[in-house]
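Have a look at the structure below before the remarks.
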Amino acid sequence: RPFLVSFSLVLIGILLSSGGSAPPQQPGPTPTTIPGLQEEIQKILTRYHVPGAGLALVNKDQVIWAGGVGEARLETHTQVTADTMFRVGSITKTFVALALLKLQEEKKIDLNAKLADLAETLPFRNPWSTTNPVTVANVLEHTAGFDDMLPSEVYNVFGKEDIDPFEVCERFPQTLISRWPPGTRMAYSNPGYGVAGYLIWKASHEQFGPYIEQNILQPLGMTLSDFTLTDKIFAQLAQGYDGNPPHAVPYLNIYLRSAGDLKTSPAELAKLVQMFLNGGKVGNQQIVSADSIARMEYPQTTLAARNGLKYGYALANYSNVDGPVVQHGHDGGISGFLSTYSYMPDRGVGYVALINSDSGGRALRDIDHLLASYVLAGQTLPTPPTANVPEAQLLPLVGYYEKENPREQMTAFLDNLLGGIRVTMANGHLYMKGWRGPAQELVPTGNNQFRLEKQAAPSMIFITSPSGHEILASGGPGSFFGVRRGEMWPFLRIVLVILALLAIASSFGFALWWIPRKLLGKMKGVGGLALRVMPLLAGLSLLGAYLILTKTPIWVLGTYNMASVGVWLLTWMFAAFGVLGLILAWPAHWQPGNRWVFWHSLAVSIACCCLAIYMAYWHLLGIQLWKP
């Protein structure tokens, strides 16, 4: 990880990686047979140290192939098969959205209804309720402005397994506060799907699990799939792993079960993909209408969608335009597992990929690319849209766009620091570039919409908000919503943070010089010891918080224990030692001694105090990760 990001992770209080992922391996020739495909996937699993993968290839008429590659359990060398069960995380959301669409068809709920009217006792808050009420569709499209999970909201370590969604909402109400006017931008929110699970109960008078099983899973033929860890599922469940070499991770219950607790197999999940390809139909049975499927696939509630951007995150189904054809689907991640399903309606094909490693993101990405190439082999691919736009119309779009739709408010400072996009012009073409990575050309497609060079359809749009702000917005689960700002302050902000971190790091180097001299008795009569110690203790406190955060599992950080209390204490100690260093440095200015020591200690103490103020501004000083 870059130096800045690594130290910034100390401040966020949750184990996340903000570094960019490496580019995929250059693909070789696409396999032409299933055995060849399995061989290539095994190479990917070996390359990234992933134990196994469950896979399925689908067209409108049938499941072409379902099977596995690698091992479901390393300890027993159990092989992955088509019927091996996996935890599929956020793919659960697709079934929740399907259930609410079915309830809408039965006139039991309206996706455009106000949440406040449907759930009067639900503990959510929307400061813009008069002009921008939260609707059910906002909840499903992640446009309500809700926060994502707190560390204490992720894993249900001590509570009952089948905790009710409303009970979770009551316990964690602070994630259900709209952070901006609903219906303007998308920011992925697992707690929103806790609300969705509760709405299923409100509309059907059944808990979300039994309702989905009876009305979605069973009609699909997904007879083994379930939200509950039954004995039958447990017998066929793959072991989840993490790391390199892979180590087993425990099965942990989660609070937001309606956001990510489904267990299924590649053979059964393939039936969902086949249903999408057939417009909601399985055999002779219409699970939901073709109109409901169409509504599910295209967003409607963001400013970008209302201004014409067709593709993005809709009802637990998002568009992926990063290939030769537009794909739809969803992915998921939960302790020990990663998953995805994808389908191409215009081509009548799709696939499923499930792996039993939550550190295998690059492996899943490479498998995803390989499966897409396999199912598209031999097809004539479309030409991506392009429009000729005069340079005079492109020039006003140049500028810096600061990201203003952070997924987690706890890590919003990272988006503020590093999430912006700079749009420039060269030789009549627009280019976009983040703080890291190469510049990418924005290819115009008309109506202020743009795509990247290898994308199949427009993915970004320039719009003017109702309040008059110039916006650059994109769709998809990692959507970007940037407001045009002056570039000087964002640049200066990063420089100041880097200088502060470098100043704090210099106290370690200085300590390697003076501590051995002190221990060897070569500093007798030398004053100002406290002047040296305080900046060092501040830096060690910050480093200690970083080490706890990077070495402690999230389910431990989210509970009250020595690790989470340590982060709380060390961040306060960092601020306290910084202030003490500043206090001690002031009288030392008039005392005889090494002036270099004085100026260094003063500079480090000022850096600590400034960084502590920055942390306090983002509510990260004395952060209590165990609190709901």
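Following the order of the structure tokens, chains are lettered A, B, ..., residues in each are numbered from 1, and ligands are numbered from 1.
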Report as an MDAnalysis selection string: the residues of region 434-625 of chain A with a DSSP assignment of alpha helix (DSSP H), based on the backbone of this structure.
chainID A and resid 488:519 529:551 554:557 562:588 595:617
Write the residues of the preceding selection, restricted to C-alpha atoms, as a short mmCIF file (atom, residue, chain, number, x, y, z; two decimals), in the first residue's frame.
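File produced: selection_4.cif:
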```cif
data_model
loop_
_atom_site.label_atom_id
_atom_site.label_comp_id
_atom_site.auth_asym_id
_atom_site.auth_seq_id
_atom_site.Cartn_x
_atom_site.Cartn_y
_atom_site.Cartn_z
CA MET A 488 -5.71 24.10 -5.03
CA TRP A 489 -7.18 23.10 -1.65
CA PRO A 490 -7.48 19.34 -2.42
CA PHE A 491 -3.84 19.33 -3.54
CA LEU A 492 -2.70 21.35 -0.53
CA ARG A 493 -4.71 19.10 1.80
CA ILE A 494 -2.86 15.98 0.64
CA VAL A 495 0.50 17.73 0.86
CA LEU A 496 -0.21 18.81 4.44
CA VAL A 497 -1.24 15.30 5.50
CA ILE A 498 1.86 13.80 3.89
CA LEU A 499 4.13 16.38 5.57
CA ALA A 500 2.47 15.71 8.94
CA LEU A 501 2.95 11.94 8.58
CA LEU A 502 6.56 12.36 7.47
CA ALA A 503 7.26 14.64 10.43
CA ILE A 504 5.78 12.06 12.83
CA ALA A 505 7.76 9.25 11.15
CA SER A 506 10.97 11.28 11.57
CA SER A 507 10.62 10.98 15.36
CA PHE A 508 11.31 7.23 14.97
CA GLY A 509 14.49 7.89 13.03
CA PHE A 510 15.61 10.47 15.58
CA ALA A 511 14.96 7.97 18.40
CA LEU A 512 17.34 5.46 16.78
CA TRP A 513 20.07 8.05 17.35
CA TRP A 514 19.39 9.43 20.82
CA ILE A 515 18.01 6.38 22.70
CA PRO A 516 21.21 4.24 22.27
CA ARG A 517 23.30 7.27 23.31
CA LYS A 518 21.13 7.72 26.38
CA LEU A 519 21.40 4.03 27.32
CA LEU A 529 14.65 14.52 27.45
CA ALA A 530 10.88 15.05 27.65
CA LEU A 531 11.19 17.17 24.53
CA ARG A 532 12.46 14.12 22.68
CA VAL A 533 10.08 11.62 24.31
CA MET A 534 6.69 13.25 23.72
CA PRO A 535 6.77 13.28 19.89
CA LEU A 536 8.09 9.71 19.94
CA LEU A 537 5.25 8.56 22.21
CA ALA A 538 2.73 10.30 19.96
CA GLY A 539 4.13 8.51 16.92
CA LEU A 540 4.20 5.17 18.73
CA SER A 541 0.55 5.64 19.75
CA LEU A 542 -0.44 6.22 16.14
CA LEU A 543 1.63 3.23 15.00
CA GLY A 544 0.09 1.07 17.71
CA ALA A 545 -3.42 1.92 16.56
CA TYR A 546 -2.41 1.07 13.00
CA LEU A 547 -1.01 -2.32 14.01
CA ILE A 548 -4.15 -3.22 15.97
CA LEU A 549 -6.37 -2.26 13.05
CA THR A 550 -4.39 -4.21 10.47
CA LYS A 551 -3.81 -7.32 12.58
CA ILE A 554 -13.24 -7.04 11.98
CA TRP A 555 -15.48 -9.21 14.18
CA VAL A 556 -13.06 -8.58 17.06
CA LEU A 557 -12.78 -4.84 16.42
CA MET A 562 -8.63 -5.06 24.50
CA ALA A 563 -8.12 -4.46 20.78
CA SER A 564 -11.05 -2.09 20.24
CA VAL A 565 -10.41 -0.31 23.54
CA GLY A 566 -6.76 -0.08 22.54
CA VAL A 567 -7.65 1.81 19.36
CA TRP A 568 -9.84 4.19 21.38
CA LEU A 569 -7.09 4.75 23.97
CA LEU A 570 -4.19 5.06 21.54
CA THR A 571 -5.89 7.69 19.38
CA TRP A 572 -6.52 9.78 22.50
CA MET A 573 -2.91 9.21 23.61
CA PHE A 574 -1.69 10.35 20.21
CA ALA A 575 -3.51 13.65 20.64
CA ALA A 576 -2.46 14.02 24.30
CA PHE A 577 1.24 13.41 23.64
CA GLY A 578 1.12 15.83 20.72
CA VAL A 579 -0.33 18.57 22.95
CA LEU A 580 2.14 17.81 25.77
CA GLY A 581 5.00 18.01 23.29
CA LEU A 582 3.79 21.41 22.18
CA ILE A 583 3.44 22.61 25.79
CA LEU A 584 6.96 21.43 26.67
CA ALA A 585 8.47 22.94 23.56
CA TRP A 586 7.33 26.47 24.38
CA PRO A 587 9.47 27.08 27.52
CA ALA A 588 12.38 25.18 25.94
CA ARG A 595 18.35 24.16 18.98
CA TRP A 596 17.90 21.37 16.39
CA VAL A 597 16.22 19.18 19.02
CA PHE A 598 13.89 22.04 19.93
CA TRP A 599 12.86 22.80 16.35
CA HIS A 600 12.40 19.14 15.48
CA SER A 601 10.28 18.44 18.55
CA LEU A 602 8.25 21.58 17.93
CA ALA A 603 7.63 20.62 14.29
CA VAL A 604 6.58 17.05 15.17
CA SER A 605 4.32 18.24 18.00
CA ILE A 606 2.64 20.75 15.69
CA ALA A 607 2.17 17.99 13.09
CA CYS A 608 0.61 15.72 15.75
CA CYS A 609 -1.75 18.45 16.94
CA CYS A 610 -2.81 19.34 13.39
CA LEU A 611 -3.40 15.67 12.53
CA ALA A 612 -5.34 15.21 15.78
CA ILE A 613 -7.57 18.16 14.86
CA TYR A 614 -8.08 16.60 11.42
CA MET A 615 -9.04 13.29 13.06
CA ALA A 616 -11.42 15.06 15.42
CA TYR A 617 -13.08 16.81 12.47
#
```
Env of Leu224 (chain A): 9 Å cut, atoms = only C-alpha atoms, seq-sep filter 4 positions within chain, self excluded. Answer as an mmCIF file with N, CA, C and O atoms, in the first residue's frame.
```
data_model
loop_
_atom_site.group_PDB
_atom_site.id
_atom_site.type_symbol
_atom_site.label_atom_id
_atom_site.label_comp_id
_atom_site.auth_asym_id
_atom_site.auth_seq_id
_atom_site.Cartn_x
_atom_site.Cartn_y
_atom_site.Cartn_z
ATOM 1 N N MET A 85 -22.125 -25.892 -1.368
ATOM 2 C CA MET A 85 -22.780 -24.674 -0.910
ATOM 3 C C MET A 85 -21.740 -23.606 -0.554
ATOM 4 O O MET A 85 -20.678 -23.920 0.003
ATOM 5 N N LEU A 217 -37.367 -18.743 -3.990
ATOM 6 C CA LEU A 217 -36.423 -19.861 -4.073
ATOM 7 C C LEU A 217 -37.096 -21.150 -4.536
ATOM 8 O O LEU A 217 -36.594 -21.825 -5.451
ATOM 9 N N GLN A 218 -38.204 -21.515 -3.905
ATOM 10 C CA GLN A 218 -38.857 -22.773 -4.272
ATOM 11 C C GLN A 218 -39.369 -22.757 -5.719
ATOM 12 O O GLN A 218 -39.125 -23.710 -6.467
ATOM 13 N N LYS A 232 -28.383 -29.873 6.615
ATOM 14 C CA LYS A 232 -28.130 -30.310 5.246
ATOM 15 C C LYS A 232 -27.180 -29.356 4.527
ATOM 16 O O LYS A 232 -26.279 -29.781 3.797
ATOM 17 N N ILE A 233 -27.369 -28.046 4.755
ATOM 18 C CA ILE A 233 -26.464 -27.064 4.154
ATOM 19 C C ILE A 233 -25.072 -27.200 4.750
ATOM 20 O O ILE A 233 -24.065 -27.178 4.027
ATOM 21 N N LYS A 263 -27.199 -18.873 1.611
ATOM 22 C CA LYS A 263 -26.269 -19.946 1.251
ATOM 23 C C LYS A 263 -26.849 -20.668 0.039
ATOM 24 O O LYS A 263 -28.023 -21.044 0.029
ATOM 25 N N THR A 264 -26.034 -20.864 -0.994
ATOM 26 C CA THR A 264 -26.510 -21.532 -2.198
ATOM 27 C C THR A 264 -25.339 -22.181 -2.923
ATOM 28 O O THR A 264 -24.180 -22.043 -2.522
ATOM 29 N N SER A 265 -25.647 -22.884 -3.995
ATOM 30 C CA SER A 265 -24.635 -23.596 -4.776
ATOM 31 C C SER A 265 -24.583 -23.023 -6.191
ATOM 32 O O SER A 265 -25.524 -22.349 -6.628
ATOM 33 N N GLU A 268 -27.661 -24.196 -8.189
ATOM 34 C CA GLU A 268 -28.929 -23.553 -7.860
ATOM 35 C C GLU A 268 -28.927 -22.075 -8.245
ATOM 36 O O GLU A 268 -29.936 -21.557 -8.744
#
```
Skipping near chain neighbours, those fewer than 6 positions away, what residues fall within 8 Å of region 51-65 of chain A using only C-alpha atoms, listed as JSON, numbers by chain?
{"A": [45, 71, 72, 73, 74, 79, 80, 81, 82, 84, 241, 246, 265, 266, 267, 270, 271, 273, 274, 275, 277, 278, 348, 349, 350, 351, 352, 353, 354, 355, 356, 357, 375]}
Residue selection dump (C-alpha atoms) as an mmCIF file, in the first residue's frame:
```cif
data_model
loop_
_atom_site.group_PDB
_atom_site.id
_atom_site.type_symbol
_atom_site.label_atom_id
_atom_site.label_comp_id
_atom_site.auth_asym_id
_atom_site.auth_seq_id
_atom_site.Cartn_x
_atom_site.Cartn_y
_atom_site.Cartn_z
ATOM 1 C CA LEU A 45 -6.783 -20.312 -8.301
ATOM 2 C CA GLU A 71 -11.065 -27.871 -3.052
ATOM 3 C CA ALA A 72 -14.036 -26.978 -0.868
ATOM 4 C CA ARG A 73 -12.132 -28.054 2.254
ATOM 5 C CA LEU A 74 -8.355 -28.202 2.292
ATOM 6 C CA GLN A 79 -13.508 -31.247 -4.109
ATOM 7 C CA VAL A 80 -15.875 -28.464 -5.169
ATOM 8 C CA THR A 81 -18.889 -29.729 -7.123
ATOM 9 C CA ALA A 82 -21.972 -28.166 -8.670
ATOM 10 C CA THR A 84 -21.189 -27.411 -3.016
ATOM 11 C CA TYR A 241 -10.537 -19.127 3.865
ATOM 12 C CA PRO A 246 -5.047 -19.863 3.070
ATOM 13 C CA SER A 265 -24.635 -23.596 -4.776
ATOM 14 C CA PRO A 266 -23.489 -22.819 -8.328
ATOM 15 C CA ALA A 267 -26.089 -25.251 -9.729
ATOM 16 C CA ALA A 270 -27.587 -20.721 -12.130
ATOM 17 C CA LYS A 271 -31.394 -21.007 -12.063
ATOM 18 C CA VAL A 273 -29.485 -16.347 -13.972
ATOM 19 C CA GLN A 274 -31.669 -18.417 -16.304
ATOM 20 C CA MET A 275 -34.773 -16.688 -14.912
ATOM 21 C CA LEU A 277 -32.500 -14.342 -19.246
ATOM 22 C CA ASN A 278 -36.140 -15.388 -19.666
ATOM 23 C CA GLY A 348 -28.869 -14.902 -23.946
ATOM 24 C CA VAL A 349 -25.949 -16.165 -21.852
ATOM 25 C CA GLY A 350 -24.682 -15.857 -18.295
ATOM 26 C CA TYR A 351 -22.563 -17.471 -15.613
ATOM 27 C CA VAL A 352 -21.940 -17.932 -11.890
ATOM 28 C CA ALA A 353 -18.599 -17.874 -10.050
ATOM 29 C CA LEU A 354 -18.233 -18.571 -6.319
ATOM 30 C CA ILE A 355 -14.912 -18.879 -4.466
ATOM 31 C CA ASN A 356 -14.078 -19.819 -0.878
ATOM 32 C CA SER A 357 -11.555 -17.079 -0.121
ATOM 33 C CA VAL A 375 -19.707 -17.527 -23.206
#
```
Shell around Gly475 (chain A) at 10 Å using only C-alpha atoms, local window under 4 positions removed, as number ranges by chain
A: 185-186, 299, 302, 304-305, 309-314, 318-321, 458-461, 479-481
Among A:Arg436, A:His429, A:Lys114, A:Arg257, Gln393 (chain A) is approached most closely, using only C-alpha atoms, by A:His429
Could you list, as a ChimeraX atom specification, every residue within 6 Å of region 406-408 of chain A, counting only C-alpha atoms and ignoring same-chain residues fewer than 2 positions away?
/A:147-148,187-188,410-412
Identify which of the residues A:Phe124, A:Val157, A:Arg347, A:Ser292 lies closest to Glu106 (chain A), counting only C-alpha atoms when measuring atom-to-atom distances.
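Nearest candidate to Glu106 (chain A) out of A:Phe124, A:Val157, A:Arg347, A:Ser292: A:Ser292.
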Please tabulate, as CSV, the residues of region 14-130 of chain A that come within 8 Å of region 331-336 of chain A, each with its closest pair of atoms and the distance in Å to one decimal, counting only C-alpha atoms and ordering rows by chain, then residue number upward.
```
residue,atom,partner,partner_atom,distance
A:Arg87,CA,A:Ile334,CA,7.1
A:Val88,CA,A:Gly332,CA,5.6
A:Gly89,CA,A:Gly332,CA,4.5
A:Ser90,CA,A:Gly332,CA,4.2
A:Ile91,CA,A:Gly332,CA,5.3
```
Atoms to include: N, CA and C atoms. Write the selected residues as a PDB file, in the first residue's frame.
```
ATOM      1  N   ARG A  87     -21.457 -19.364   0.933  1.00  0.00           N
ATOM      2  CA  ARG A  87     -22.103 -18.137   1.400  1.00  0.00           C
ATOM      3  C   ARG A  87     -21.916 -17.095   0.293  1.00  0.00           C
ATOM      4  N   VAL A  88     -23.009 -16.495  -0.172  1.00  0.00           N
ATOM      5  CA  VAL A  88     -22.900 -15.603  -1.338  1.00  0.00           C
ATOM      6  C   VAL A  88     -23.068 -14.137  -0.974  1.00  0.00           C
ATOM      7  N   GLY A  89     -23.079 -13.801   0.311  1.00  0.00           N
ATOM      8  CA  GLY A  89     -23.052 -12.408   0.732  1.00  0.00           C
ATOM      9  C   GLY A  89     -24.138 -11.565   0.095  1.00  0.00           C
ATOM     10  N   SER A  90     -23.733 -10.485  -0.536  1.00  0.00           N
ATOM     11  CA  SER A  90     -24.681  -9.481  -1.016  1.00  0.00           C
ATOM     12  C   SER A  90     -25.528  -9.920  -2.207  1.00  0.00           C
ATOM     13  N   ILE A  91     -25.251 -11.062  -2.799  1.00  0.00           N
ATOM     14  CA  ILE A  91     -26.171 -11.596  -3.806  1.00  0.00           C
ATOM     15  C   ILE A  91     -27.548 -11.824  -3.177  1.00  0.00           C
TER      16      ILE A  91
END
```
Run DSSP on the backbone and grab whatever in region 398-484 of chain A lands in strand (DSSP E or B); send it over as a PyMOL selection string.
chain A and resi 399-403+421-426+429-433+440-446+449-451+460-464+470-474+481-484
Using C-alpha atoms, can you export the residues from the last selection as a short mmCIF file (atom, residue, chain, number, x, y, z; two decimals), in the first residue's frame?
```cif
data_model
loop_
_atom_site.label_atom_id
_atom_site.label_comp_id
_atom_site.auth_asym_id
_atom_site.auth_seq_id
_atom_site.Cartn_x
_atom_site.Cartn_y
_atom_site.Cartn_z
CA GLY A 399 -11.81 20.73 -13.73
CA TYR A 400 -11.46 18.89 -10.43
CA TYR A 401 -14.46 16.94 -9.12
CA GLU A 402 -14.42 16.18 -5.40
CA LYS A 403 -16.15 12.96 -4.37
CA ILE A 421 -11.21 12.98 -10.24
CA ARG A 422 -9.32 15.50 -12.34
CA VAL A 423 -10.69 16.07 -15.87
CA THR A 424 -8.22 17.52 -18.36
CA MET A 425 -8.07 18.14 -22.09
CA ALA A 426 -5.32 17.32 -24.59
CA HIS A 429 -9.90 14.88 -26.10
CA LEU A 430 -11.04 14.70 -22.48
CA TYR A 431 -9.15 12.60 -19.94
CA MET A 432 -9.92 11.67 -16.34
CA LYS A 433 -7.41 10.81 -13.66
CA GLN A 440 -8.05 7.46 -19.13
CA GLU A 441 -9.75 8.99 -22.11
CA LEU A 442 -13.41 9.95 -21.76
CA VAL A 443 -15.00 8.99 -25.06
CA PRO A 444 -18.14 11.09 -25.74
CA THR A 445 -21.35 9.22 -26.56
CA GLY A 446 -23.71 12.21 -26.70
CA GLN A 449 -22.41 11.11 -21.45
CA PHE A 450 -19.04 9.40 -21.76
CA ARG A 451 -17.48 5.97 -21.63
CA MET A 460 -20.37 8.68 -16.73
CA ILE A 461 -22.38 11.87 -17.18
CA PHE A 462 -21.79 15.56 -16.58
CA ILE A 463 -24.86 17.26 -15.13
CA THR A 464 -25.91 20.39 -13.28
CA GLU A 470 -21.56 21.04 -11.71
CA ILE A 471 -21.50 17.27 -11.20
CA LEU A 472 -19.60 14.32 -12.65
CA ALA A 473 -21.51 11.12 -11.85
CA SER A 474 -21.16 7.43 -12.68
CA PHE A 481 -20.63 11.55 -7.51
CA GLY A 482 -18.21 14.45 -7.71
CA VAL A 483 -18.87 18.16 -7.30
CA ARG A 484 -16.65 20.54 -9.23
#
```
